[in-house]
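Colleague: Dropping the structure in here first, questions after.
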Amino acid sequence: NGSLVALGCGGGEKDIAILKVLPNGTRFVPTDVSKPLVLKVAQNSSEYSPSAAVAPLVFDLATADDLPEFIDQHAGPNRIYTFFGIIPNFPPQNILPRLRILLRSNDRLLLSANLAPNGMDPILPQYDNDATREWLAEFPKAHGAGQGDVIITVETDGHIQRIAAHFHFQEPCVMEVNGKHFEFCPGDSLQLFVSYRYTVEALADTLEPYGIAIEDSFLTTNGEEGVFICGLQ
C-alpha cells in the first residue's frame, strides 16, 4: 500500500482531506517541527480515517540529517508527499534540495504556492497596511525592541520576487529570544516575514534545476494561489 507523507503538516486539515479519498490501508505520516501539532493531527486522522496506519514524526525539514533513511523506516513505497503553505516562506535554494532527496520515481509531490499572475502591485496592499504592520511589530516589541517601524516592500531574488517585512530600529536595544540576547543599533533592521510569489511559469523554472516537474495544477479563481502535482523529470 502507499503512504501519504505530510511535510510540515501544521493543523493537517488539507492532508486529512486527501487521506479520506485514498484507498483503505494507506499509511499516514504527518510530520512537523512541533510535537503537539503532529500528535494532534495523528489523533484527528484516526477519527476521520480509522483504517489508516499512522506514524507521526517530529523533525525540522530545513536542518534534519538523513531524512530519506529516517522516513524509509516509517513510510512504504509509492508515496504522496504534501507540502502546503511552506514554499512561500523559504528561499527555493534552501528548501528544494531537501524535497528533491526525498522523491523517488513513483512518488508524487503536492505543493502549494502563492502566485502573482498580474505582478506584485495588486498584491502588495494585502500586506502593506496598518493592520499587518501592527501585527508584525508585536514580536520585536514583545522581546525588547523598543521604538521602530515595520517597512513592507517587494524584493527580487533571482528571477522571482517576494514580499518582505523588516523592523527598522530607531533606538539601541537588546532583544531576548529563547534565552539568547541580540543587540541592535539605530538603523539596523530585522526581517520579520517573507512571502515568495511566483507565476506558474516561474515556479516551473524554479523547480526544474532540482529535477522536479509540474504535472498538473489547480488554481484559485483569482490565480493568486495554486496547488501543483509534481514528479521527477
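By convention in this document, the chains of the C-alpha cells carry letters A, B, ... by their order, each chain's residues are numbered from 1, and ligands are numbered from 1 in the order they are shown.
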Within 10 Å of Leu115 in chain A, counting only C-alpha atoms, which residues show up once you throw out same-chain ones fewer than 3 positions away? Write them as a VMD selection string, please.
Modeller: chain A and resid 88 112 118 to 120 123 195 to 200 202 to 203 219 to 220 222 to 226
Colleague: May I have all residues of range 8-230 of chain A that DSSP, computed from the backbone, assigns to strand (DSSP E or B), given as a ChimeraX atom specification?
Modeller: /A:27-32,53-54,57-58,79-83,108-115,117,119,148-157,160-169,173-177,180-184,189-198,212-219,225-230
Colleague: Just to confirm, what's the straight-line distance from CA of Glu13 in chain A to CA of Asn94 in chain A in Å (one decimal)?
Modeller: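 Interatomic distance, CA of Glu13 in chain A to CA of Asn94 in chain A: 25.9 Å.
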Colleague: Which one of A:Ile86, A:Leu37, A:Leu207, A:Ala42 sits closest to Ile16 in chain A if you count only C-alpha atoms?
Modeller: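 When distances to Ile16 in chain A are compared using only C-alpha atoms, the smallest one comes from A:Ala42.
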Colleague: Would you mind listing what lies within 8 Å of Phe59 in chain A as a PyMOL selection string, with only C-alpha atoms counted and same-chain residues fewer than 4 positions away left out?
Modeller: chain A and resi 31-34+64
Colleague: Measuring between only C-alpha atoms, which one of A:Pro68, A:Pro92, A:Gly2, A:Pro23 shows the shortest distance to His159 in chain A?
Modeller: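 For His159 in chain A, the nearest of the given residues is A:Pro92.
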Colleague: Env of Val5 in chain A: 6 Å cut, atoms = only C-alpha atoms, seq-sep filter 4 positions within chain, self excluded. Answer as a compact mmCIF listing (two decimals) with C-alpha atoms, in the first residue's frame.
Modeller:
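Dumped to result.txt:
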```
# COMPACT_ATOMS: atom_id res chain seq x y z
CA VAL A 29 2.93 10.01 8.13
CA PRO A 30 2.27 13.52 9.49
CA TYR A 81 4.27 13.98 -0.23
```
Colleague: Which polymer residues have any atom within 12 Å of an atom of Thr132 in chain A, counting only C-alpha atoms, with same-chain residues fewer than 6 positions away left out, as a ChimeraX atom specification?
Modeller: /A:124-126,138,150-152,165,192-193
Colleague: Take the residues just selected and output them with N, CA and C atoms as a compact mmCIF listing (two decimals), in the first residue's frame.
Modeller:
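Final output, out-v6.txt:
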```txt
# COMPACT_ATOMS: atom_id res chain seq x y z
N LEU A 124 0.68 43.76 -3.15
CA LEU A 124 1.37 44.45 -2.06
C LEU A 124 0.41 45.04 -1.02
N PRO A 125 -0.72 45.65 -1.40
CA PRO A 125 -1.61 46.22 -0.38
C PRO A 125 -2.19 45.18 0.58
N GLN A 126 -2.20 43.89 0.20
CA GLN A 126 -2.68 42.86 1.12
C GLN A 126 -1.78 42.76 2.35
N GLU A 138 4.37 43.21 16.78
CA GLU A 138 4.17 42.65 18.11
C GLU A 138 5.36 41.80 18.56
N VAL A 150 7.85 49.14 10.97
CA VAL A 150 7.77 47.98 10.09
C VAL A 150 7.62 48.49 8.65
N ILE A 151 8.56 48.12 7.80
CA ILE A 151 8.56 48.52 6.40
C ILE A 151 8.33 47.28 5.55
N ILE A 152 7.34 47.34 4.67
CA ILE A 152 7.00 46.20 3.81
C ILE A 152 7.27 46.59 2.36
N ALA A 165 8.99 41.97 4.96
CA ALA A 165 8.72 42.92 6.02
C ALA A 165 9.92 42.97 6.96
N LEU A 192 11.12 40.18 9.45
CA LEU A 192 10.03 39.57 10.20
C LEU A 192 9.24 38.58 9.38
N PHE A 193 9.21 38.78 8.07
CA PHE A 193 8.29 38.00 7.25
C PHE A 193 8.77 38.04 5.81
```
Colleague: Separation of CA of Ser105 in chain A and CA of Lys14 in chain A, in Å?
Modeller: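 Interatomic distance here is 24.0 Å.
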Colleague: Taking the DSSP assignment computed from this structure's backbone, write out as a VMD selection string all residues of range 122-208 of chain A that belong to alpha helix (DSSP H).
Modeller: chain A and resid 130 to 142 200 to 207
Colleague: Tell me, as a tab-separated table (two decimals) with C-alpha atoms, in the first residue's frame, which residues lie within 12 Å of Ala142 in chain A, counting only C-alpha atoms; anything in the same chain fewer than 5 positions away does not count.
Modeller:
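For reference, selection.tsv as written:
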```tsv
chain	number	residue	atom	x	y	z
A	135	TRP	CA	0.59	42.63	13.91
A	136	LEU	CA	4.15	42.11	12.69
A	137	ALA	CA	5.51	44.66	15.17
A	147	GLN	CA	10.76	52.07	19.03
A	174	VAL	CA	18.80	44.20	23.39
A	175	MET	CA	16.20	41.64	22.36
A	176	GLU	CA	15.89	38.36	24.27
A	177	VAL	CA	14.51	35.33	22.40
```
Colleague: Could you list, as a VMD selection string, every residue within 10 Å of Asn24 in chain A, counting only C-alpha atoms and ignoring same-chain residues fewer than 6 positions away?
Modeller: chain A and resid 1 to 2 49 to 53
